[in-house]
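Beneath this line is the structure, given in C-alpha cells, with notes to follow.
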Protein chains: 2
Amino acid sequence: MNLKQLSHMLSLSQTTVSRALNGYPEVSEETRRRVMDAAKRHGYRPNPSARRLATGKSGMIGYVLPTGNAVDIDPHFVEFLSGLGDYARSHELDLVLSPADADDEETTYRRIVANRQVDAVYISSPRPADRRLALVNTLGIPFIVHGRSEGFGFDYSYLDIDNEGAFHEAARLLLQLGHKRLALINGDDRETFAIHRERGMRRALAASGLTLGERHICSVTMTEENGYRAARRLLEDSEPPTAIACSSLIMALGVVRAVRDLGLTIPGDLSLVAHDDVFPWLRPENFPVPLSTTRSSIRLAGARVAERLAARISGLEEGARGEVWPVDLVVRGSVAGAPA
Amino acid sequence: MNLKQLSHMLSLSQTTVSRALNGYPEVSEETRRRVMDAAKRHGYRPNPSARRLATGKSGMIGYVLPTGNAVDIDPHFVEFLSGLGDYARSHELDLVLSPADADDEETTYRRIVANRQVDAVYISSPRPADRRLALVNTLGIPFIVHGRSEGFGFDYSYLDIDNEGAFHEAARLLLQLGHKRLALINGDDRETFAIHRERGMRRALAASGLTLGERHICSVTMTEENGYRAARRLLEDSEPPTAIACSSLIMALGVVRAVRDLGLTIPGDLSLVAHDDVFPWLRPENFPVPLSTTRSSIRLAGARVAERLAARISGLEEGARGEVWPVDLVVRGSVAGAPA
DNA sequence: CAAAACAGCCAAAGCGCTTTGGAGCACTCT
DNA sequence: AGAGTGCTCCAAAGCGCTTTGGCTGTTTTG
C-alpha cells in the first residue's frame, strides 16, 4: 500500500493525502479525518526510503563507534544504550552505529553527514578541544555531547554530570573524617570527565591547605587489573594514602583485591569511595565492605540524550544548551575516620 | 556531485556511468576506466538514499534491541559489538539498533523488514523454539543467529560455541580431581546456551554414575549479586558442593565473595570454574585465586557474525549454515583435588 | 553474403515520497 | 461589478539512483 494507491482509493491527489497525513494546514479537517482514517484502516506506512530521498531526513540518530584491535568499547556504553533505547523505543527512533577506525573517525563523520544517514549524532567521552566536536560543528549536523569539552570558539549542546562537584564532595567527606593523605585513581586523564574529577578533588584539598601529590594520582583505563595495580603502587609507597577516590566500580574491584593482598582492611586502613555509573550487574552495596559512591545513572543520561536529540531534530530544542546533573554522594561502610 | 553531473561531464549517459561503476559487463574496459577515474577524481559517492529507493537495499545490518524498565542489556553485548565493529569498519557496513519493547519485539521486526531498513539482521540469546527465528524466517530477511535455537521445521544459519562440550569438559576435570558433589550456577535457563551447559555437565556426571541434584543447580540472570546468593545457598546446604561451575565471570565474582564470607577458601574447600567470554576489564587470571575458565572470545564471534552477514547479503553465503566453535578449557589455581 | 549474434551505448521509466506553483471556488470588500 | 482574499485541492516537478528495452554499428556464422 503506497501513497499512490491510497490517494487513488480516496479519489484525492497524492499531494493532499501527503499533506493530510503530515499535518499541513492546507487541508480541510474533514478531508484530513477521512485520509487519516483510511490510512489507518489500510495500514499505510510511508516508505522511509522514499521519504528520505525527498526530504533528506532519515529519522535516525547516529553514533560513530571507535573500533580497532587495541580499542575496547567501554562497558558503560551498554548502559547508556539501554537508556537511549528506553526513550527511542517509544518514538520509533533508531540508532545507527557506524564503526570507525579509532585513529580516523573524521572520515566516518564526513561520510554519515554527506550521506545524510542520520539526522543527528551524539558524541561521548569527549576530550578538551575534542576534534570531533569541531568537526560536527562545521559539518552542521545537530549533535549533543555526552560529557563536556573545553576550549572552543563556539558553544554546543551537552549533557554532563557534575564530576567536579562529585569528587569535591567525596574528598570533602574524607577530609572531614580526618584523612590527610588522599589519592585518586582516575580514568584516562585525556578525557574531560577525569580532568574535572581531579579538579574537584584538588579544590577540596586546597580548601584544607592540602595538595594531591604526584605520587597520589593515577590515570589509567578503567579495568579491574589497572585498579589493582594502581592501588598496589599507592599502598606500597612509603607514604601510603589513607583514603582513595576511584573513578569506577570496576577499578574499585581491583582496589579491594589489592587491599586484601596486602593484608589491609577497609575501612580500617583505607577508606574508599568510587564513582558508580549504576550497573545492574555490579552494585556497590554488595562489595565485601559496602562501597561509598558518587552515583549517577548513566542509563538515565542515555534516555535524556535521546530525548534531547529528538527534540533537536524536530526543532523543539535550539541553540547550544548545556545541562549538568548533580551527583549523589552515597555513604556506606567503606569510609571511616583516618587511622591514628 | 551526483550521477547526472558526472555523466554529463563525461559525455556519457547515466546508465553507462552507473553500470561502469557497479561492474556490469555491458561497458567497455576503456570506458569503465575513464568513469572510475573521473569518479575518484571528483570524489563522487552515490547517494545511498537514492540507491536505496531504487534497489531496496540499504547496506546496513540490523539488530532489534530489547528494552524496557525491567530489561538490562547484557554487558556481553558490548563485546560482541566490538567484534562486529572490527569487521564492519573496514567494509563501511553500519549497524542499525532498533529498540523494541521486550514484550513485543515482533512489531519492530515487522517494521524494519517492511521498511527495508536493513538488509540482514542477527539475533542473539535465542531460546528453544524462539519466536523471533520463526518470524524472521517467514519474513524472509537474511539472518544469522548468535547462539542456537531448537525445535523448528526449518534450518537456519547460526554461529554458536560448544557450550555443552565446554561444560562437559569442565565437569570432567572436576570429577577427575575426585569431586563428587558438583553444582552449577547457570544463566537464565530459558536460553539455549544455559540448557546446553547444563546438558554437558549432566552428561559428564552421568558418565561417572553421578547426577546433578535439584539443590545443586541454580538459574539466574548473571549479576554479581545473584552469583553471591546462589553460592551462599549452595554452600550453606547440608550437603554443600565441593566444586562449582559458573556461567559467567561476573557471577564468579559473587561466588568468590560468598566463599570468603563463609570463611572458606578456594580451592581448598571449593573448586571453581567459570565461563569466560573474555572481557578486557575483568580477567580470570586476576581473580584473588586465578580462575579456571572455559574460554571463548565473544568479540571474535561478533566479527565472524558480521563477516557472515556481509557474505549473506552479497550472496556469497547461502542456505542454512551452522558453525560451532570449540571452547578452550583453561586451568588455573581455582581447582584442586576434592577435600577429604 | 544475408542473417544472426554481439558489444557498447542511450533514453526513459521507474522507486514512493514531498513540495512548488498554481487553479477553482465562494466570499468579502470597494 | 470587479478586484481581492482565503480556503481546498491538484498536476507535475523534483530527490538521485537502477534497470528495462532498444538502438547502433561491428563481428561472427551458416
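Going through the C-alpha cells in order, the chains are called A, B, and so on, while each chain numbers its residues from 1 and the ligands are numbered from 1 in the order shown.
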Give me, as JSON lines, the closest atom pair and its distance (Å, one decimal) for every residue of chain B within a cut-off of 8 Å of chain D, counting only C-alpha atoms (C1' of nucleotides), rows sorted by chain and rising number.
{"residue": "B:Asn2", "atom": "CA", "partner": "D:DG16", "partner_atom": "C1'", "distance": 7.0}
{"residue": "B:Leu3", "atom": "CA", "partner": "D:DG16", "partner_atom": "C1'", "distance": 7.1}
{"residue": "B:Ser18", "atom": "CA", "partner": "D:DT18", "partner_atom": "C1'", "distance": 7.8}
{"residue": "B:Pro46", "atom": "CA", "partner": "D:DC17", "partner_atom": "C1'", "distance": 7.6}
{"residue": "B:Asn47", "atom": "CA", "partner": "D:DG16", "partner_atom": "C1'", "distance": 6.5}
{"residue": "B:Ala50", "atom": "CA", "partner": "D:DC17", "partner_atom": "C1'", "distance": 4.8}
{"residue": "B:Arg51", "atom": "CA", "partner": "D:DC17", "partner_atom": "C1'", "distance": 4.7}
{"residue": "B:Arg52", "atom": "CA", "partner": "D:DC17", "partner_atom": "C1'", "distance": 7.9}
{"residue": "B:Leu53", "atom": "CA", "partner": "D:DC17", "partner_atom": "C1'", "distance": 7.7}
{"residue": "B:Ala54", "atom": "CA", "partner": "D:DT18", "partner_atom": "C1'", "distance": 5.7}
{"residue": "B:Thr55", "atom": "CA", "partner": "D:DT18", "partner_atom": "C1'", "distance": 6.7}
Given the selection you just returned, output its residues as a file containing N, CA, C and O atoms, formatted as a tab-separated table (two decimals), in the first residue's frame.
chain	number	residue	atom	x	y	z
B	2	ASN	N	26.60	14.55	-8.30
B	2	ASN	CA	25.74	13.38	-8.46
B	2	ASN	C	25.93	12.73	-9.83
B	2	ASN	O	26.71	13.20	-10.65
B	3	LEU	N	25.21	11.69	-10.01
B	3	LEU	CA	25.40	10.89	-11.21
B	3	LEU	C	25.17	11.70	-12.48
B	3	LEU	O	25.90	11.57	-13.47
B	18	SER	N	26.58	4.53	-14.41
B	18	SER	CA	26.13	3.69	-13.31
B	18	SER	C	26.65	2.27	-13.49
B	18	SER	O	27.18	1.65	-12.58
B	46	PRO	N	27.84	7.63	-4.70
B	46	PRO	CA	26.40	7.54	-4.97
B	46	PRO	C	25.58	7.82	-3.72
B	46	PRO	O	25.95	7.41	-2.62
B	47	ASN	N	24.54	8.52	-3.89
B	47	ASN	CA	23.66	8.85	-2.77
B	47	ASN	C	22.93	7.60	-2.29
B	47	ASN	O	22.15	7.00	-3.03
B	50	ALA	N	19.07	7.42	-2.52
B	50	ALA	CA	18.55	7.21	-3.87
B	50	ALA	C	18.75	5.75	-4.28
B	50	ALA	O	17.84	5.10	-4.79
B	51	ARG	N	19.91	5.27	-4.02
B	51	ARG	CA	20.20	3.89	-4.36
B	51	ARG	C	19.23	2.96	-3.65
B	51	ARG	O	18.70	2.01	-4.20
B	52	ARG	N	18.99	3.31	-2.42
B	52	ARG	CA	18.09	2.52	-1.62
B	52	ARG	C	16.69	2.48	-2.15
B	52	ARG	O	16.05	1.43	-2.19
B	53	LEU	N	16.24	3.65	-2.56
B	53	LEU	CA	14.88	3.72	-3.10
B	53	LEU	C	14.81	2.88	-4.37
B	53	LEU	O	13.82	2.19	-4.62
B	54	ALA	N	15.86	2.95	-5.16
B	54	ALA	CA	15.84	2.23	-6.43
B	54	ALA	C	16.02	0.72	-6.24
B	54	ALA	O	15.37	-0.07	-6.93
B	55	THR	N	16.87	0.32	-5.34
B	55	THR	CA	17.17	-1.11	-5.21
B	55	THR	C	16.47	-1.81	-4.06
B	55	THR	O	16.28	-3.01	-4.09
Identify every residue of chain B that has at least one atom within 7 Å of any atom of chain A, counting only C-alpha atoms, and report the result as a PyMOL selection string.
-> chain B and resi 47-50+52-53+67-68+72-73+75+78+82+85-86+88-89+94-101+115+223-225+257+281-282+286+288
Give me the chain B side of the contact with chain C, cut-off 7 Å, one line per residue showing its nearest atom pair and distance in Å at one decimal, counting only C-alpha atoms (C1' of nucleotides), sorted by chain and residue number, as CSV.
residue,atom,partner,partner_atom,distance
B:Ser13,CA,C:DC10,C1',6.2
B:Thr16,CA,C:DC9,C1',6.9
B:Glu26,CA,C:DG8,C1',6.5
B:Val27,CA,C:DG8,C1',5.9
B:Ser28,CA,C:DG8,C1',6.6
B:Leu53,CA,C:DC15,C1',5.2
B:Ala54,CA,C:DC15,C1',4.7
Nearest to A:Ile244, chosen from A:Met36, A:Leu272, A:Val327, A:Leu264, with only C-alpha atoms counted in the distances | A:Leu272
Separating atom CA of A:Arg332 from atom CA of A:His216, to the nearest tenth of an Å, is a gap of 23.2 Å
List every residue of stretch 199-276 of chain B that DSSP, applied to the backbone, labels as alpha helix (DSSP H), and write the result as a ChimeraX atom specification.
-> /B:199-207,224-235,249-261
Expected file contents, prior selection, N, CA, C and O atoms, as a compact mmCIF listing (two decimals), in the first residue's frame:
# COMPACT_ATOMS: atom_id res chain seq x y z
N ARG B 199 23.30 -29.52 30.13
CA ARG B 199 23.32 -30.83 29.50
C ARG B 199 24.75 -31.42 29.50
O ARG B 199 24.95 -32.59 29.80
N GLY B 200 25.69 -30.55 29.17
CA GLY B 200 27.08 -31.01 29.15
C GLY B 200 27.53 -31.51 30.51
O GLY B 200 28.19 -32.54 30.65
N MET B 201 27.11 -30.79 31.51
CA MET B 201 27.52 -31.16 32.85
C MET B 201 26.86 -32.47 33.29
O MET B 201 27.51 -33.36 33.84
N ARG B 202 25.60 -32.56 32.99
CA ARG B 202 24.88 -33.80 33.36
C ARG B 202 25.49 -35.00 32.66
O ARG B 202 25.59 -36.09 33.23
N ARG B 203 25.88 -34.81 31.44
CA ARG B 203 26.43 -35.91 30.68
C ARG B 203 27.73 -36.41 31.33
O ARG B 203 27.95 -37.60 31.48
N ALA B 204 28.56 -35.43 31.74
CA ALA B 204 29.82 -35.82 32.38
C ALA B 204 29.54 -36.56 33.69
O ALA B 204 30.16 -37.57 34.01
N LEU B 205 28.59 -36.04 34.45
CA LEU B 205 28.26 -36.67 35.72
C LEU B 205 27.72 -38.07 35.50
O LEU B 205 28.11 -39.03 36.20
N ALA B 206 26.84 -38.19 34.53
CA ALA B 206 26.23 -39.48 34.25
C ALA B 206 27.31 -40.52 33.92
O ALA B 206 27.23 -41.68 34.34
N ALA B 207 28.31 -40.07 33.19
CA ALA B 207 29.38 -41.00 32.81
C ALA B 207 30.12 -41.52 34.03
O ALA B 207 30.78 -42.55 33.98
N GLU B 224 26.59 -10.04 39.75
CA GLU B 224 27.47 -10.38 40.87
C GLU B 224 26.61 -10.83 42.06
O GLU B 224 26.89 -11.83 42.71
N GLU B 225 25.58 -10.09 42.29
CA GLU B 225 24.72 -10.38 43.44
C GLU B 225 24.08 -11.76 43.35
O GLU B 225 24.05 -12.51 44.33
N ASN B 226 23.60 -12.09 42.17
CA ASN B 226 23.00 -13.40 42.01
C ASN B 226 24.01 -14.53 42.19
O ASN B 226 23.68 -15.59 42.72
N GLY B 227 25.23 -14.26 41.75
CA GLY B 227 26.29 -15.25 41.96
C GLY B 227 26.52 -15.47 43.45
O GLY B 227 26.65 -16.60 43.92
N TYR B 228 26.53 -14.39 44.17
CA TYR B 228 26.73 -14.45 45.63
C TYR B 228 25.62 -15.25 46.31
O TYR B 228 25.86 -16.17 47.08
N ARG B 229 24.41 -14.88 45.97
CA ARG B 229 23.27 -15.55 46.59
C ARG B 229 23.23 -17.03 46.29
O ARG B 229 23.00 -17.86 47.16
N ALA B 230 23.46 -17.33 45.04
CA ALA B 230 23.43 -18.73 44.64
C ALA B 230 24.50 -19.51 45.39
O ALA B 230 24.25 -20.60 45.92
N ALA B 231 25.68 -18.92 45.46
CA ALA B 231 26.78 -19.61 46.14
C ALA B 231 26.47 -19.82 47.61
O ALA B 231 26.71 -20.88 48.17
N ARG B 232 25.93 -18.80 48.24
CA ARG B 232 25.59 -18.96 49.67
C ARG B 232 24.59 -20.08 49.85
O ARG B 232 24.73 -20.91 50.74
N ARG B 233 23.59 -20.06 49.02
CA ARG B 233 22.57 -21.09 49.14
C ARG B 233 23.19 -22.47 49.01
O ARG B 233 22.94 -23.38 49.80
N LEU B 234 24.05 -22.62 48.03
CA LEU B 234 24.67 -23.92 47.80
C LEU B 234 25.58 -24.32 48.95
O LEU B 234 25.53 -25.45 49.44
N LEU B 235 26.38 -23.37 49.38
CA LEU B 235 27.40 -23.71 50.37
C LEU B 235 26.86 -23.87 51.79
O LEU B 235 27.49 -24.48 52.64
N LEU B 249 31.80 -14.84 34.46
CA LEU B 249 32.82 -14.26 35.30
C LEU B 249 32.22 -13.31 36.33
O LEU B 249 32.69 -13.21 37.46
N ILE B 250 31.20 -12.63 35.92
CA ILE B 250 30.58 -11.66 36.83
C ILE B 250 29.95 -12.38 38.01
O ILE B 250 30.10 -11.99 39.17
N MET B 251 29.28 -13.47 37.73
CA MET B 251 28.72 -14.25 38.82
C MET B 251 29.83 -14.86 39.67
O MET B 251 29.70 -14.97 40.89
N ALA B 252 30.91 -15.22 39.01
CA ALA B 252 32.04 -15.80 39.75
C ALA B 252 32.55 -14.82 40.80
O ALA B 252 32.99 -15.23 41.89
N LEU B 253 32.49 -13.55 40.50
CA LEU B 253 32.87 -12.55 41.50
C LEU B 253 32.06 -12.73 42.76
O LEU B 253 32.57 -12.68 43.88
N GLY B 254 30.77 -12.93 42.56
CA GLY B 254 29.88 -13.11 43.69
C GLY B 254 30.17 -14.41 44.44
O GLY B 254 30.10 -14.46 45.67
N VAL B 255 30.51 -15.42 43.70
CA VAL B 255 30.83 -16.71 44.32
C VAL B 255 32.05 -16.54 45.23
O VAL B 255 32.06 -16.99 46.38
N VAL B 256 33.05 -15.88 44.70
CA VAL B 256 34.27 -15.68 45.46
C VAL B 256 33.97 -14.92 46.76
O VAL B 256 34.47 -15.24 47.84
N ARG B 257 33.12 -13.92 46.64
CA ARG B 257 32.76 -13.15 47.83
C ARG B 257 32.04 -14.02 48.85
O ARG B 257 32.31 -13.95 50.06
N ALA B 258 31.14 -14.87 48.35
CA ALA B 258 30.39 -15.74 49.26
C ALA B 258 31.33 -16.70 49.99
O ALA B 258 31.23 -16.90 51.20
N VAL B 259 32.25 -17.26 49.23
CA VAL B 259 33.20 -18.21 49.81
C VAL B 259 33.95 -17.53 50.96
O VAL B 259 34.13 -18.09 52.05
N ARG B 260 34.35 -16.33 50.70
CA ARG B 260 35.07 -15.58 51.72
C ARG B 260 34.23 -15.30 52.95
O ARG B 260 34.66 -15.49 54.09
N ASP B 261 33.02 -14.85 52.68
CA ASP B 261 32.12 -14.52 53.79
C ASP B 261 31.89 -15.73 54.68
O ASP B 261 31.66 -15.59 55.88
Run DSSP on the backbone and grab whatever in stretch 73-295 of chain A lands in strand (DSSP E or B); send it over as a ChimeraX atom specification.
-> /A:94-101,120-124,143-146,158-161,182-186,217-219,243-246,271-276,279,282,292-295
In Å to one decimal, how far is atom CA of A:Ala120 from atom CA of A:Leu309?
->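 These two atoms are separated by 6.7 Å.
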Tell me, as a PDB file with all heavy atoms, in the first residue's frame, which residues lie within 10 Å of A:Leu6, counting only C-alpha atoms (C1' of nucleotides); anything in the same chain fewer than 6 positions away does not count.
ATOM      1  N   LEU A  12      -8.343  11.342  -4.233  1.00  0.00           N
ATOM      2  CA  LEU A  12      -7.659  12.587  -3.894  1.00  0.00           C
ATOM      3  C   LEU A  12      -6.286  12.564  -4.554  1.00  0.00           C
ATOM      4  O   LEU A  12      -5.836  11.517  -5.004  1.00  0.00           O
ATOM      5  CB  LEU A  12      -7.481  12.701  -2.375  1.00  0.00           C
ATOM      6  CG  LEU A  12      -8.709  13.074  -1.544  1.00  0.00           C
ATOM      7  CD1 LEU A  12      -8.414  12.918  -0.077  1.00  0.00           C
ATOM      8  CD2 LEU A  12      -9.139  14.502  -1.866  1.00  0.00           C
ATOM      9  N   SER A  13      -5.655  13.683  -4.588  1.00  0.00           N
ATOM     10  CA  SER A  13      -4.312  13.701  -5.150  1.00  0.00           C
ATOM     11  C   SER A  13      -3.318  13.236  -4.105  1.00  0.00           C
ATOM     12  O   SER A  13      -3.584  13.282  -2.901  1.00  0.00           O
ATOM     13  CB  SER A  13      -3.950  15.107  -5.599  1.00  0.00           C
ATOM     14  OG  SER A  13      -3.707  15.896  -4.460  1.00  0.00           O
ATOM     15  N   GLN A  14      -2.152  12.815  -4.566  1.00  0.00           N
ATOM     16  CA  GLN A  14      -1.114  12.414  -3.626  1.00  0.00           C
ATOM     17  C   GLN A  14      -0.742  13.587  -2.731  1.00  0.00           C
ATOM     18  O   GLN A  14      -0.482  13.421  -1.547  1.00  0.00           O
ATOM     19  CB  GLN A  14       0.119  11.940  -4.397  1.00  0.00           C
ATOM     20  CG  GLN A  14      -0.105  10.671  -5.198  1.00  0.00           C
ATOM     21  CD  GLN A  14       1.203  10.123  -5.752  1.00  0.00           C
ATOM     22  OE1 GLN A  14       2.244  10.234  -5.113  1.00  0.00           O
ATOM     23  NE2 GLN A  14       1.146   9.526  -6.926  1.00  0.00           N
ATOM     24  N   VAL A  17      -3.211  13.945   0.140  1.00  0.00           N
ATOM     25  CA  VAL A  17      -3.076  12.865   1.102  1.00  0.00           C
ATOM     26  C   VAL A  17      -1.799  13.046   1.920  1.00  0.00           C
ATOM     27  O   VAL A  17      -1.810  12.960   3.147  1.00  0.00           O
ATOM     28  CB  VAL A  17      -3.060  11.496   0.390  1.00  0.00           C
ATOM     29  CG1 VAL A  17      -2.797  10.391   1.388  1.00  0.00           C
ATOM     30  CG2 VAL A  17      -4.382  11.273  -0.328  1.00  0.00           C
ATOM     31  N   SER A  18      -0.724  13.336   1.218  1.00  0.00           N
ATOM     32  CA  SER A  18       0.541  13.535   1.906  1.00  0.00           C
ATOM     33  C   SER A  18       0.412  14.647   2.930  1.00  0.00           C
ATOM     34  O   SER A  18       0.823  14.514   4.088  1.00  0.00           O
ATOM     35  CB  SER A  18       1.627  13.883   0.882  1.00  0.00           C
ATOM     36  OG  SER A  18       2.797  14.313   1.534  1.00  0.00           O
ATOM     37  N   VAL A  35      -8.737  10.890   5.395  1.00  0.00           N
ATOM     38  CA  VAL A  35      -7.440  10.351   4.989  1.00  0.00           C
ATOM     39  C   VAL A  35      -6.800   9.549   6.119  1.00  0.00           C
ATOM     40  O   VAL A  35      -6.394   8.396   5.948  1.00  0.00           O
ATOM     41  CB  VAL A  35      -6.498  11.491   4.558  1.00  0.00           C
ATOM     42  CG1 VAL A  35      -5.090  10.956   4.348  1.00  0.00           C
ATOM     43  CG2 VAL A  35      -7.020  12.150   3.304  1.00  0.00           C
ATOM     44  N   ALA A  38      -8.560   6.267   6.548  1.00  0.00           N
ATOM     45  CA  ALA A  38      -8.255   5.287   5.516  1.00  0.00           C
ATOM     46  C   ALA A  38      -6.831   4.751   5.680  1.00  0.00           C
ATOM     47  O   ALA A  38      -6.572   3.551   5.509  1.00  0.00           O
ATOM     48  CB  ALA A  38      -8.425   5.905   4.141  1.00  0.00           C
ATOM     49  N   ALA A  39      -5.922   5.657   6.006  1.00  0.00           N
ATOM     50  CA  ALA A  39      -4.529   5.254   6.186  1.00  0.00           C
ATOM     51  C   ALA A  39      -4.425   4.206   7.283  1.00  0.00           C
ATOM     52  O   ALA A  39      -3.777   3.175   7.131  1.00  0.00           O
ATOM     53  CB  ALA A  39      -3.666   6.466   6.515  1.00  0.00           C
ATOM     54  N   HIS A  42      -6.036   0.826   6.259  1.00  0.00           N
ATOM     55  CA  HIS A  42      -5.271   0.011   5.326  1.00  0.00           C
ATOM     56  C   HIS A  42      -3.819  -0.183   5.762  1.00  0.00           C
ATOM     57  O   HIS A  42      -3.009  -0.722   5.028  1.00  0.00           O
ATOM     58  CB  HIS A  42      -5.317   0.630   3.930  1.00  0.00           C
ATOM     59  CG  HIS A  42      -6.691   0.640   3.342  1.00  0.00           C
ATOM     60  ND1 HIS A  42      -7.592   1.652   3.588  1.00  0.00           N
ATOM     61  CD2 HIS A  42      -7.336  -0.260   2.546  1.00  0.00           C
ATOM     62  CE1 HIS A  42      -8.726   1.389   2.956  1.00  0.00           C
ATOM     63  NE2 HIS A  42      -8.601   0.240   2.324  1.00  0.00           N
ATOM     64  N   TYR A  44      -1.478   1.899   6.052  1.00  0.00           N
ATOM     65  CA  TYR A  44      -0.492   2.597   5.219  1.00  0.00           C
ATOM     66  C   TYR A  44       0.639   3.162   6.052  1.00  0.00           C
ATOM     67  O   TYR A  44       0.420   3.793   7.077  1.00  0.00           O
ATOM     68  CB  TYR A  44      -1.165   3.738   4.444  1.00  0.00           C
ATOM     69  CG  TYR A  44      -0.168   4.667   3.807  1.00  0.00           C
ATOM     70  CD1 TYR A  44       0.543   4.279   2.679  1.00  0.00           C
ATOM     71  CD2 TYR A  44       0.097   5.925   4.351  1.00  0.00           C
ATOM     72  CE1 TYR A  44       1.485   5.112   2.105  1.00  0.00           C
ATOM     73  CE2 TYR A  44       1.030   6.776   3.781  1.00  0.00           C
ATOM     74  CZ  TYR A  44       1.725   6.357   2.661  1.00  0.00           C
ATOM     75  OH  TYR A  44       2.651   7.190   2.105  1.00  0.00           O
TER      76      TYR A  44
END
Please provide as a ChimeraX atom specification all residues within 9 Å of stretch 122-138 of chain B, with the sequence filter that same-chain residues fewer than 5 positions apart are discarded (counting only C-alpha atoms (C1' of nucleotides)).
-> /B:61-64,105-106,109-110,113,143-152,154,156,189-193,305-306,309
Any chance you can output those residues with N, CA and C atoms as a compact mmCIF listing (two decimals), in the first residue's frame?
# COMPACT_ATOMS: atom_id res chain seq x y z
N ILE B 61 23.13 -3.54 8.49
CA ILE B 61 22.60 -4.71 9.16
C ILE B 61 21.86 -4.26 10.42
N GLY B 62 20.95 -5.06 10.84
CA GLY B 62 20.08 -4.63 11.93
C GLY B 62 20.12 -5.52 13.15
N TYR B 63 19.77 -4.91 14.26
CA TYR B 63 19.63 -5.68 15.49
C TYR B 63 18.48 -5.09 16.28
N VAL B 64 17.57 -5.92 16.67
CA VAL B 64 16.45 -5.45 17.48
C VAL B 64 16.86 -5.55 18.94
N GLU B 105 8.69 -7.70 20.51
CA GLU B 105 9.72 -7.42 19.52
C GLU B 105 9.17 -7.61 18.11
N GLU B 106 8.13 -8.39 18.02
CA GLU B 106 7.59 -8.73 16.71
C GLU B 106 7.25 -7.49 15.88
N TYR B 109 10.38 -6.06 14.44
CA TYR B 109 10.90 -6.85 13.33
C TYR B 109 10.09 -6.60 12.07
N ARG B 110 8.80 -6.59 12.24
CA ARG B 110 7.94 -6.37 11.07
C ARG B 110 8.20 -5.00 10.46
N VAL B 113 11.55 -4.83 8.57
CA VAL B 113 11.52 -5.58 7.32
C VAL B 113 10.64 -4.86 6.30
N PHE B 143 19.27 -13.69 7.88
CA PHE B 143 19.64 -13.51 9.28
C PHE B 143 20.62 -14.57 9.72
N ILE B 144 21.30 -14.24 10.79
CA ILE B 144 22.18 -15.21 11.44
C ILE B 144 21.93 -15.14 12.93
N VAL B 145 21.89 -16.27 13.54
CA VAL B 145 21.66 -16.34 14.97
C VAL B 145 22.99 -16.50 15.70
N HIS B 146 23.18 -15.69 16.71
CA HIS B 146 24.34 -15.89 17.56
C HIS B 146 23.88 -16.74 18.73
N GLY B 147 24.21 -18.01 18.65
CA GLY B 147 23.67 -18.99 19.58
C GLY B 147 22.81 -19.96 18.77
N ARG B 148 22.08 -20.79 19.45
CA ARG B 148 21.24 -21.75 18.74
C ARG B 148 19.85 -21.81 19.32
N SER B 149 18.93 -22.22 18.52
CA SER B 149 17.59 -22.49 19.00
C SER B 149 17.30 -23.95 18.64
N GLU B 150 16.14 -24.42 18.97
CA GLU B 150 15.82 -25.82 18.67
C GLU B 150 14.34 -25.96 18.41
N GLY B 151 14.00 -27.00 17.72
CA GLY B 151 12.59 -27.33 17.56
C GLY B 151 11.87 -26.54 16.51
N PHE B 152 12.49 -26.45 15.32
CA PHE B 152 11.80 -25.80 14.22
C PHE B 152 11.66 -26.78 13.07
N PHE B 154 12.41 -25.84 10.20
CA PHE B 154 13.32 -25.33 9.17
C PHE B 154 14.74 -25.21 9.72
N TYR B 156 18.42 -23.02 9.85
CA TYR B 156 18.78 -21.60 9.82
C TYR B 156 20.28 -21.49 10.03
N ASP B 189 17.88 -20.18 32.42
CA ASP B 189 17.77 -21.47 31.74
C ASP B 189 16.64 -21.55 30.72
N ARG B 190 16.09 -20.41 30.42
CA ARG B 190 15.17 -20.41 29.28
C ARG B 190 15.95 -20.19 27.99
N GLU B 191 17.22 -19.81 28.15
CA GLU B 191 18.03 -19.61 26.96
C GLU B 191 18.81 -20.88 26.62
N THR B 192 18.99 -21.08 25.35
CA THR B 192 19.60 -22.32 24.88
C THR B 192 20.99 -22.57 25.43
N PHE B 193 21.79 -21.50 25.50
CA PHE B 193 23.16 -21.71 25.95
C PHE B 193 23.19 -22.34 27.34
N VAL B 305 30.25 -13.02 12.90
CA VAL B 305 28.84 -12.84 12.53
C VAL B 305 28.72 -11.71 11.51
N ALA B 306 29.44 -10.65 11.73
CA ALA B 306 29.41 -9.54 10.77
C ALA B 306 29.89 -10.01 9.40
N LEU B 309 27.27 -12.16 7.83
CA LEU B 309 26.10 -11.39 7.40
C LEU B 309 26.42 -10.68 6.08
Point-to-point distance in Å for atom CA of B:Arg312 and atom CA of B:Ser296 | 24.1 Å
